[in-house]
>>> print(open('upload_27.csv').read())   # CSV, C-alpha atoms
chain,number,residue,atom,x,y,z
A,32,MET,CA,-45.3,-105.8,116.2
A,33,SER,CA,-45.8,-108.8,114.0
A,34,SER,CA,-48.2,-110.3,111.5
A,35,ALA,CA,-51.2,-112.0,112.8
A,36,ASN,CA,-50.2,-115.4,111.5
A,37,GLY,CA,-46.5,-115.1,112.3
A,38,LYS,CA,-45.5,-115.7,108.6
A,39,ARG,CA,-43.4,-113.2,106.7
A,40,LYS,CA,-45.1,-111.7,103.6
A,41,SER,CA,-44.3,-108.9,101.3
A,42,VAL,CA,-46.4,-105.8,101.9
A,43,LYS,CA,-47.1,-103.6,98.8
A,44,CYS,CA,-49.3,-101.0,100.4
A,45,VAL,CA,-49.6,-99.5,103.9
A,46,VAL,CA,-52.9,-97.9,104.8
A,47,TRP,CA,-52.9,-95.4,107.6
A,48,ASP,CA,-55.6,-94.2,110.0
A,49,LEU,CA,-55.3,-90.5,110.9
A,50,ASP,CA,-56.6,-89.6,114.3
A,51,ASN,CA,-54.2,-90.7,117.1
A,52,THR,CA,-52.3,-92.7,114.5
A,53,LEU,CA,-50.7,-90.5,111.8
A,54,TRP,CA,-51.3,-87.4,113.9
A,55,GLU,CA,-51.9,-86.8,117.6
A,56,GLY,CA,-55.4,-85.7,118.4
A,57,VAL,CA,-58.9,-86.1,117.0
A,58,LEU,CA,-59.6,-83.7,114.2
A,59,ILE,CA,-63.4,-83.7,114.3
A,60,GLU,CA,-63.3,-83.0,118.1
A,61,GLY,CA,-61.6,-79.7,117.3
A,62,ASP,CA,-58.1,-80.8,118.4
A,63,SER,CA,-55.1,-78.9,117.0
A,64,VAL,CA,-53.6,-82.0,115.4
A,65,GLN,CA,-49.9,-82.5,114.8
A,66,PRO,CA,-48.0,-85.3,113.1
A,67,ARG,CA,-46.8,-88.0,115.5
A,68,PRO,CA,-43.0,-87.7,116.1
A,69,GLY,CA,-41.1,-89.6,113.5
A,70,VAL,CA,-44.1,-90.5,111.4
A,71,ALA,CA,-43.0,-88.4,108.5
A,72,ASP,CA,-39.7,-90.3,108.4
A,73,VAL,CA,-41.5,-93.6,108.4
A,74,ILE,CA,-43.8,-92.4,105.5
A,75,LYS,CA,-40.8,-91.2,103.5
A,76,GLY,CA,-38.8,-94.3,104.2
A,77,LEU,CA,-41.6,-96.6,103.0
A,78,ASP,CA,-41.9,-94.5,99.9
A,79,GLN,CA,-38.2,-94.8,99.1
A,80,ARG,CA,-38.6,-98.6,99.4
A,81,GLY,CA,-41.3,-98.6,96.8
A,82,ILE,CA,-44.2,-99.4,99.2
A,83,LEU,CA,-47.3,-97.6,98.3
A,84,GLN,CA,-49.4,-95.8,100.9
A,85,SER,CA,-53.0,-94.7,101.4
A,86,ILE,CA,-55.4,-93.5,104.0
A,87,ALA,CA,-58.5,-95.1,105.6
A,88,SER,CA,-59.9,-92.6,108.1
A,89,LYS,CA,-63.4,-91.7,109.4
A,90,ASN,CA,-63.2,-88.0,109.1
A,91,ASN,CA,-64.4,-85.0,107.1
A,92,HIS,CA,-62.6,-85.3,103.8
A,93,ASP,CA,-61.7,-81.7,103.1
A,94,ASP,CA,-60.6,-80.9,106.6
A,95,ALA,CA,-58.4,-84.0,106.9
A,96,LEU,CA,-56.9,-83.5,103.4
A,97,ALA,CA,-56.1,-79.9,104.3
A,98,CYS,CA,-54.1,-81.0,107.4
A,99,LEU,CA,-52.2,-83.6,105.3
A,100,GLN,CA,-51.3,-80.8,102.8
A,101,GLN,CA,-50.3,-78.5,105.6
A,102,PHE,CA,-47.9,-81.2,106.9
A,103,ARG,CA,-46.6,-81.8,103.4
A,104,LEU,CA,-47.6,-85.4,103.5
A,105,ALA,CA,-50.6,-85.5,101.1
A,106,GLU,CA,-48.5,-86.3,98.1
A,107,TYR,CA,-47.5,-89.7,99.5
A,108,PHE,CA,-51.0,-91.2,99.6
A,109,LEU,CA,-52.8,-92.8,96.7
A,110,TYR,CA,-56.6,-92.9,96.5
A,111,PRO,CA,-57.1,-91.8,100.2
A,112,GLN,CA,-60.4,-92.9,101.6
A,113,ILE,CA,-61.5,-90.2,104.1
A,114,ASN,CA,-65.2,-90.8,104.7
A,115,TRP,CA,-67.5,-92.5,107.1
A,116,ASN,CA,-67.3,-96.0,105.6
A,117,SER,CA,-65.8,-98.9,107.5
A,118,LYS,CA,-62.1,-99.3,107.3
A,119,ALA,CA,-62.5,-102.7,105.7
A,120,ALA,CA,-64.6,-101.2,102.9
A,121,SER,CA,-62.0,-98.4,102.5
A,122,ILE,CA,-59.2,-100.9,102.2
A,123,GLN,CA,-61.2,-102.9,99.6
A,124,THR,CA,-61.7,-99.7,97.6
A,125,ILE,CA,-58.0,-98.8,97.7
A,126,ALA,CA,-57.1,-102.4,96.7
A,127,THR,CA,-59.5,-102.2,93.7
A,128,LYS,CA,-58.1,-98.9,92.5
A,129,LEU,CA,-54.5,-100.0,92.8
A,130,ASN,CA,-55.4,-103.4,91.3
A,131,LEU,CA,-53.8,-105.2,94.2
A,132,SER,CA,-55.0,-107.9,96.6
A,133,PRO,CA,-55.8,-106.9,100.1
A,134,ALA,CA,-53.4,-109.7,101.1
A,135,ALA,CA,-50.6,-107.4,100.1
A,136,PHE,CA,-51.7,-104.6,102.5
A,137,ALA,CA,-50.8,-103.5,106.0
A,138,PHE,CA,-53.2,-101.4,108.1
A,139,VAL,CA,-52.1,-99.1,110.9
A,140,ASP,CA,-54.6,-97.9,113.5
A,141,ASP,CA,-54.6,-97.0,117.2
A,142,GLN,CA,-57.9,-98.7,117.9
A,143,GLU,CA,-58.1,-102.5,118.5
A,144,PHE,CA,-61.8,-102.5,117.4
A,145,GLU,CA,-60.8,-101.1,113.9
A,146,ARG,CA,-58.0,-103.5,113.5
A,147,GLU,CA,-60.3,-106.5,114.4
A,148,GLU,CA,-62.9,-105.3,112.0
A,149,VAL,CA,-60.4,-105.2,109.2
A,150,ARG,CA,-59.0,-108.7,110.2
A,151,PHE,CA,-62.5,-110.1,110.1
A,152,SER,CA,-63.2,-108.9,106.5
A,153,HIS,CA,-59.6,-109.2,105.3
A,154,PRO,CA,-57.8,-112.0,107.3
A,155,ASP,CA,-54.6,-111.6,105.3
A,156,VAL,CA,-54.1,-107.9,105.9
A,157,LEU,CA,-51.2,-107.2,108.3
A,158,CYS,CA,-52.8,-105.1,111.1
A,159,LEU,CA,-50.4,-103.0,113.1
A,160,ASP,CA,-50.9,-101.1,116.3
A,161,SER,CA,-49.9,-97.4,115.9
A,162,SER,CA,-48.2,-97.4,119.2
A,163,ASN,CA,-45.3,-99.1,117.5
A,164,ILE,CA,-44.9,-96.8,114.5
A,165,ASP,CA,-41.3,-96.0,115.5
A,166,ARG,CA,-40.4,-99.7,114.7
A,167,MET,CA,-42.3,-100.1,111.5
A,168,LEU,CA,-39.3,-99.7,109.2
A,169,GLU,CA,-37.7,-102.7,111.0
A,170,LEU,CA,-40.4,-105.1,110.1
A,171,PRO,CA,-39.3,-107.8,107.6
A,172,GLU,CA,-42.6,-107.5,105.8
A,173,LEU,CA,-41.7,-103.9,105.0
A,174,MET,CA,-38.2,-104.6,103.9
A,175,PRO,CA,-38.0,-105.5,100.2
A,176,ARG,CA,-35.0,-107.6,99.3
A,177,PHE,CA,-34.0,-105.1,96.7
A,178,ILE,CA,-34.8,-101.4,96.1
A,179,THR,CA,-34.6,-100.7,92.4
A,180,ASP,CA,-35.1,-97.6,90.3
A,181,ASP,CA,-38.6,-98.8,89.6
A,182,SER,CA,-39.2,-99.1,93.3
A,183,ARG,CA,-38.2,-95.6,94.0
A,184,LEU,CA,-40.4,-94.3,91.3
A,185,ARG,CA,-43.4,-96.5,92.1
A,186,ARG,CA,-45.6,-93.8,93.6
A,187,GLN,CA,-45.0,-91.5,90.7
A,188,LEU,CA,-45.8,-94.2,88.2
A,189,TYR,CA,-49.1,-94.8,89.9
A,190,LEU,CA,-49.8,-91.0,90.0
A,191,THR,CA,-49.1,-90.9,86.2
A,192,GLU,CA,-51.5,-93.9,85.8
A,193,GLN,CA,-54.2,-91.9,87.5
A,194,VAL,CA,-53.9,-89.2,84.9
A,195,ARG,CA,-54.1,-91.8,82.1
A,196,LEU,CA,-57.2,-93.3,83.6
A,197,GLN,CA,-58.9,-89.9,84.1
A,198,ASP,CA,-58.1,-89.1,80.4
A,199,GLU,CA,-59.4,-92.5,79.3
A,200,ASP,CA,-62.7,-91.9,81.2
A,201,SER,CA,-63.2,-88.6,79.4
A,202,PHE,CA,-62.0,-89.8,76.0
A,203,ALA,CA,-64.8,-89.4,73.4
A,204,GLY,CA,-63.7,-92.2,71.0
A,205,SER,CA,-63.5,-96.0,71.2
A,206,ARG,CA,-61.2,-97.9,73.4
A,207,ALA,CA,-59.1,-98.9,70.3
A,208,GLU,CA,-58.8,-95.2,69.4
A,209,PHE,CA,-57.7,-94.4,73.0
A,210,LEU,CA,-55.0,-97.0,72.9
A,211,GLU,CA,-53.8,-95.7,69.6
A,212,SER,CA,-53.7,-92.2,71.0
A,213,LEU,CA,-51.3,-93.3,73.8
A,214,ALA,CA,-48.4,-93.7,71.3
A,215,MET,CA,-47.1,-96.7,73.2
A,216,GLU,CA,-43.6,-98.0,72.7
A,217,PHE,CA,-42.8,-101.5,73.9
A,218,THR,CA,-39.0,-102.3,74.2
A,219,ILE,CA,-37.8,-105.9,74.5
A,220,SER,CA,-34.2,-106.6,75.4
A,221,GLU,CA,-32.2,-109.5,76.7
A,222,ALA,CA,-31.8,-109.1,80.5
A,223,ARG,CA,-28.4,-108.1,81.8
A,224,GLU,CA,-26.8,-108.2,85.2
A,225,ASP,CA,-28.1,-104.8,86.2
A,226,ASP,CA,-31.7,-105.9,85.3
A,227,LEU,CA,-31.7,-108.8,87.7
A,228,LYS,CA,-32.9,-107.0,90.8
A,229,ARG,CA,-35.9,-105.7,89.0
A,230,ALA,CA,-36.4,-109.1,87.4
A,231,GLU,CA,-36.6,-110.8,90.8
A,232,GLU,CA,-38.9,-108.1,92.1
A,233,LEU,CA,-41.2,-108.7,89.1
A,234,THR,CA,-41.5,-112.4,89.9
A,235,VAL,CA,-42.2,-111.7,93.5
A,236,ARG,CA,-44.7,-108.9,93.0
A,237,THR,CA,-46.7,-110.0,90.0
A,238,ASN,CA,-49.6,-112.4,90.5
A,239,GLN,CA,-52.5,-111.7,88.0
A,240,LEU,CA,-50.4,-111.5,84.9
A,241,ASN,CA,-48.0,-114.3,85.8
A,242,SER,CA,-48.3,-117.5,83.8
A,243,THR,CA,-46.8,-119.8,86.4
A,244,ALA,CA,-46.5,-117.8,89.6
A,245,TYR,CA,-42.9,-119.1,89.8
A,246,THR,CA,-40.5,-116.8,91.7
A,247,TYR,CA,-36.8,-116.7,90.9
A,248,SER,CA,-34.0,-115.4,93.0
A,249,PHE,CA,-31.3,-113.1,91.8
A,250,ASN,CA,-28.8,-116.0,91.6
A,251,GLN,CA,-31.3,-118.2,89.6
A,252,LEU,CA,-31.9,-115.3,87.2
A,253,ARG,CA,-28.1,-114.8,86.8
A,254,HIS,CA,-27.8,-118.4,85.9
A,255,PHE,CA,-30.4,-118.0,83.1
A,256,ILE,CA,-28.7,-115.0,81.5
A,257,ASN,CA,-25.4,-117.0,81.4
A,258,SER,CA,-27.0,-120.2,80.2
A,259,PRO,CA,-26.9,-121.1,76.5
A,260,ARG,CA,-30.2,-123.0,76.9
A,261,HIS,CA,-32.2,-120.0,78.2
A,262,GLN,CA,-33.3,-116.6,77.2
A,263,LEU,CA,-34.4,-114.1,79.8
A,264,LEU,CA,-36.2,-111.2,78.2
A,265,ILE,CA,-37.2,-108.0,80.0
A,266,CYS,CA,-39.6,-105.3,78.7
A,267,GLU,CA,-40.2,-101.6,79.2
A,268,LEU,CA,-43.2,-99.6,78.2
A,269,THR,CA,-43.6,-95.9,77.5
A,270,ASP,CA,-46.4,-93.7,76.2
A,271,LYS,CA,-47.1,-90.0,75.7
A,272,TYR,CA,-47.4,-89.6,79.5
A,273,GLY,CA,-44.0,-91.1,80.3
A,274,SER,CA,-42.5,-94.4,81.3
A,275,TYR,CA,-44.3,-97.3,83.0
A,276,GLY,CA,-40.8,-98.7,83.9
A,277,LYS,CA,-39.7,-102.3,83.3
A,278,ILE,CA,-43.0,-104.1,83.4
A,279,GLY,CA,-42.5,-107.5,81.7
A,280,LEU,CA,-40.4,-110.6,81.9
A,281,GLY,CA,-40.2,-113.8,79.8
A,282,LEU,CA,-38.1,-116.9,80.4
A,283,VAL,CA,-37.6,-119.4,77.6
A,284,GLU,CA,-35.9,-122.7,77.9
A,285,MET,CA,-34.5,-123.9,74.5
A,286,GLN,CA,-34.3,-127.6,73.7
A,287,GLU,CA,-33.1,-128.9,70.3
A,288,ASP,CA,-36.6,-129.7,69.0
A,289,TYR,CA,-38.8,-127.3,71.0
A,290,TRP,CA,-38.7,-124.3,73.2
A,291,THR,CA,-40.7,-123.8,76.4
A,292,ILE,CA,-41.9,-120.6,77.9
A,293,LYS,CA,-41.2,-121.2,81.6
A,294,LEU,CA,-42.4,-117.8,82.7
A,295,LEU,CA,-44.4,-115.0,81.1
A,296,LEU,CA,-45.5,-112.0,83.2
A,297,MET,CA,-46.6,-108.4,83.0
A,298,SER,CA,-47.0,-105.9,85.8
A,299,CYS,CA,-50.6,-105.5,86.9
A,300,ARG,CA,-50.2,-101.8,86.1
A,301,VAL,CA,-50.4,-102.5,82.4
A,302,VAL,CA,-53.3,-105.0,82.5
A,303,SER,CA,-55.6,-102.5,80.7
A,304,ARG,CA,-53.0,-101.7,77.9
A,305,GLY,CA,-53.1,-105.0,76.1
A,306,VAL,CA,-49.3,-105.3,75.9
A,307,GLY,CA,-49.0,-108.8,77.2
A,308,SER,CA,-49.4,-110.3,73.8
A,309,ALA,CA,-46.5,-108.2,72.4
A,310,LEU,CA,-43.8,-110.1,74.3
A,311,LEU,CA,-45.5,-113.4,73.5
A,312,THR,CA,-45.6,-112.5,69.8
A,313,HIS,CA,-41.8,-111.8,69.9
A,314,ILE,CA,-41.1,-115.2,71.5
A,315,VAL,CA,-43.3,-116.9,68.9
A,316,ARG,CA,-41.4,-115.1,66.1
A,317,LEU,CA,-38.0,-116.2,67.5
A,318,ALA,CA,-39.2,-119.8,67.7
A,319,ASN,CA,-40.4,-119.7,64.2
A,320,GLU,CA,-37.1,-118.3,63.0
A,321,ALA,CA,-35.3,-121.2,64.8
A,322,ASN,CA,-37.8,-123.6,63.2
A,323,VAL,CA,-38.7,-125.2,66.6
A,324,ARG,CA,-42.1,-126.0,68.2
A,325,LEU,CA,-43.0,-123.6,71.0
A,326,ARG,CA,-44.6,-124.7,74.2
A,327,ALA,CA,-45.7,-122.7,77.3
A,328,GLU,CA,-46.2,-123.8,80.9
A,329,TYR,CA,-49.2,-122.5,82.7
A,330,VAL,CA,-49.9,-123.0,86.4
A,331,PRO,CA,-53.6,-122.0,87.1
A,332,ASN,CA,-54.5,-120.3,90.3
A,333,ASP,CA,-57.3,-118.1,91.5
A,334,ARG,CA,-55.9,-114.9,90.0
A,335,ASN,CA,-54.1,-115.5,86.7
A,336,ARG,CA,-56.8,-116.8,84.4
A,337,ILE,CA,-56.1,-113.9,82.1
A,338,MET,CA,-52.8,-115.5,81.2
A,339,GLN,CA,-54.6,-118.6,80.0
A,340,ILE,CA,-56.8,-116.4,77.8
A,341,THR,CA,-53.7,-114.7,76.5
A,342,TYR,CA,-52.2,-118.0,75.4
A,343,LYS,CA,-55.5,-119.2,73.8
A,344,PHE,CA,-55.9,-115.9,71.9
A,345,ALA,CA,-52.3,-116.5,70.6
A,346,ALA,CA,-53.4,-119.9,69.1
A,347,PHE,CA,-51.8,-122.0,71.9
A,348,ALA,CA,-53.7,-125.3,72.6
A,349,GLU,CA,-53.5,-127.6,75.5
A,350,VAL,CA,-51.3,-130.7,75.0
A,351,GLU,CA,-50.6,-131.8,78.5
A,352,ARG,CA,-52.3,-131.5,81.9
A,353,ASN,CA,-51.6,-132.7,85.4
A,354,PRO,CA,-53.0,-131.3,88.7
A,355,ASN,CA,-50.3,-128.7,89.0
A,356,LEU,CA,-49.4,-127.8,85.4
A,357,VAL,CA,-50.9,-127.2,82.0
A,358,VAL,CA,-48.7,-127.3,78.9
A,359,PHE,CA,-49.7,-125.4,75.8
A,360,GLU,CA,-48.3,-125.7,72.3
A,361,ARG,CA,-48.6,-123.4,69.3
A,362,PRO,CA,-48.8,-124.4,65.7
A,363,PRO,CA,-45.8,-122.8,63.9
A,364,THR,CA,-48.0,-122.2,60.8
A,365,VAL,CA,-50.2,-119.5,62.5
A,366,LYS,CA,-48.9,-116.0,61.8
A,367,ALA,CA,-48.0,-113.9,64.8
A,368,GLU,CA,-48.7,-110.1,64.7
A,369,TYR,CA,-48.0,-107.4,67.2
A,370,PRO,CA,-51.0,-105.3,68.3
A,371,SER,CA,-51.4,-102.5,65.8
A,372,TYR,CA,-51.5,-99.7,68.5
A,373,ILE,CA,-48.0,-100.6,69.9
A,374,ARG,CA,-44.7,-99.8,68.4
A,375,VAL,CA,-42.3,-102.7,69.3
A,376,ASN,CA,-38.6,-102.1,69.6
A,377,VAL,CA,-36.3,-105.2,69.8
A,378,LEU,CA,-32.9,-104.3,71.1
A,379,GLU,CA,-29.8,-106.1,70.0
A,380,PRO,CA,-28.6,-108.9,70.3
A,381,LEU,CA,-32.2,-110.1,70.0
A,382,ALA,CA,-32.5,-109.3,66.3
A,383,GLY,CA,-31.2,-112.8,65.6
A,384,VAL,CA,-31.7,-116.1,67.3
A,385,ARG,CA,-29.0,-117.0,69.8
A,386,ASN,CA,-27.2,-120.3,69.1
>>> encode(input="upload_27.csv", output="structure tokens")
Amino acid sequence: MSSANGKRKSVKCVVWDLDNTLWEGVLIEGDSVQPRPGVADVIKGLDQRGILQSIASKNNHDDALACLQQFRLAEYFLYPQINWNSKAASIQTIATKLNLSPAAFAFVDDQEFEREEVRFSHPDVLCLDSSNIDRMLELPELMPRFITDDSRLRRQLYLTEQVRLQDEDSFAGSRAEFLESLAMEFTISEAREDDLKRAEELTVRTNQLNSTAYTYSFNQLRHFINSPRHQLLICELTDKYGSYGKIGLGLVEMQEDYWTIKLLLMSCRVVSRGVGSALLTHIVRLANEANVRLRAEYVPNDRNRIMQITYKFAAFAEVERNPNLVVFERPPTVKAEYPSYIRVNVLEPLAGVRN
């Protein structure tokens, strides 16, 4: 049981077939289906690791969902696609709803035809034969390096986000009024030792809202929190529905005459909340207080263009470019304001600039 290309990758979502995969038997043929032995333990184990799960099954929706509820497994699956569409189309729908790339998915099915059809449409999906379900938890692709508090709560965080999106769809006012109604609080603090597992996880998992796509190990991040030439900032977001968890990270390298933002990232779960600029504004204000120029590194790729836009809206302009790196700089005379719909809390010792 291994990936098609033999390379290890990090799986963020496992998509399950139902008939003769998650359960024994074929529901539409009238079989009295029962969960496969051990499958509930695998589902719960993946959930504890922070790996999201969904369904792609050709079945009657209501009947299949009733079975999942009877087996007390329905709660583990986000945006289940139980219909007569192709499995590849269902995976794309799930990926879109979760705001993830299909490359971060694994797909479990008993039929080689279905797995091949998914591979053809999504070559980077890890396709797994259901005959090896009992070994799934041993796969390195399904073993996160760390399991954090945010990992354990990941499914619940996505379920809460579903409620937010449903309320947004039915909200009668403007988008600005909806954001104001969320009563968002954005807390910025200097990362500590017990934040580093989550900080590493953020650098590994975040692609769209990551200015450089750099990944940093626990030990590298530990070096930064102890370095007088660096600030490692971590952010948490809450609103009237609850917490989004720790969703943002910023790494600033401090030279005598200028500072450089080496990394700026936000979890993809907050892409629609407009909070990325809040952390950037805080860093701008710190640089202004220190009376230094502020630069930012940006490594363009096929997914993170929104970060380039974020810098440009914050008055950063390009000053250097080579094939692999763009450097922006911001005039210190331009005023930096937090978004009006977010309450920003800056925890000590960040009230002053570190020497």
>>> closest_residue(input="upload_27.csv", among="A:Asp270, A:Glu224, A:Asp140, A:Glu145", to="A:Phe249", atoms="all atoms listed in the file")
A:Glu224
>>> atom_distance(input="upload_27.csv", atom1="atom CA of A:Phe347", atom2="atom CA of A:Arg361")
4.4 Å
>>> residues_around(input="upload_27.csv", residues="A:Leu296", least_positions_apart="5", cutoff="6 Å", atoms="all atoms listed in the file", output="JSON list (two decimals) with C-alpha atoms, keeping the file's coordinate frame")
[["chain", "number", "residue", "atom", "x", "y", "z"],
["A", 240, "LEU", "CA", -50.40, -111.50, 84.90],
["A", 241, "ASN", "CA", -48.00, -114.30, 85.80],
["A", 279, "GLY", "CA", -42.50, -107.50, 81.70],
["A", 280, "LEU", "CA", -40.40, -110.60, 81.90]]
>>> residues_near_point(input="upload_27.csv", point="(-61.1, -105.2, 100.2)", cutoff="7 Å", atoms="all atoms listed in the file", output="count of residues only")
8
>>> atom_distance(input="upload_27.csv", atom1="atom CA of A:Phe108", atom2="atom CA of A:Ser182")
15.5 Å
>>> closest_residue(input="upload_27.csv", among="A:Gly307, A:Leu77, A:Leu264, A:Gln286", to="A:Ile164", atoms="all atoms listed in the file")
A:Leu77
>>> residues_around(input="upload_27.csv", residues="stretch 202-208 of chain A", least_positions_apart="2", cutoff="12 Å", atoms="only C-alpha atoms", output="NGL selection string")
:A and (195-200 or 210-214 or 303-305 or 370-373)
>>> closest_residue(input="upload_27.csv", among="A:Pro363, A:Asp78, A:Val330, A:Glu221", to="A:Glu351", atoms="only C-alpha atoms")
A:Val330
>>> residues_around(input="upload_27.csv", residues="A:Val156", least_positions_apart="4", cutoff="7 Å", atoms="all atoms listed in the file", output="ChimeraX atom specification")
/A:133-138,150
>>> write_last_selection(input="upload_27.csv", atoms="C-alpha atoms", output="compact mmCIF listing (two decimals), in the coordinates of the input")
# COMPACT_ATOMS: atom_id res chain seq x y z
CA PRO A 133 -55.80 -106.90 100.10
CA ALA A 134 -53.40 -109.70 101.10
CA ALA A 135 -50.60 -107.40 100.10
CA PHE A 136 -51.70 -104.60 102.50
CA ALA A 137 -50.80 -103.50 106.00
CA PHE A 138 -53.20 -101.40 108.10
CA ARG A 150 -59.00 -108.70 110.20
>>> closest_residue(input="upload_27.csv", among="A:Gln193, A:Gln339, A:Gln262, A:Asn250", to="A:Ile219", atoms="only C-alpha atoms")
A:Gln262
>>> residues_around(input="upload_27.csv", residues="A:Phe177", least_positions_apart="4", cutoff="8 Å", atoms="all atoms listed in the file", output="JSON, numbers by chain")
{"A": [228, 229, 232]}
>>> residues_around(input="upload_27.csv", residues="stretch 87-103 of chain A", least_positions_apart="6", cutoff="7 Å", atoms="all atoms listed in the file", output="list in words")
Val46, Trp47, Asp48, Leu49, Ile59, Pro111, Gln112, Ile113, Asn114, Trp115, Asn116, Lys118, Ser121 and Ile122 of chain A
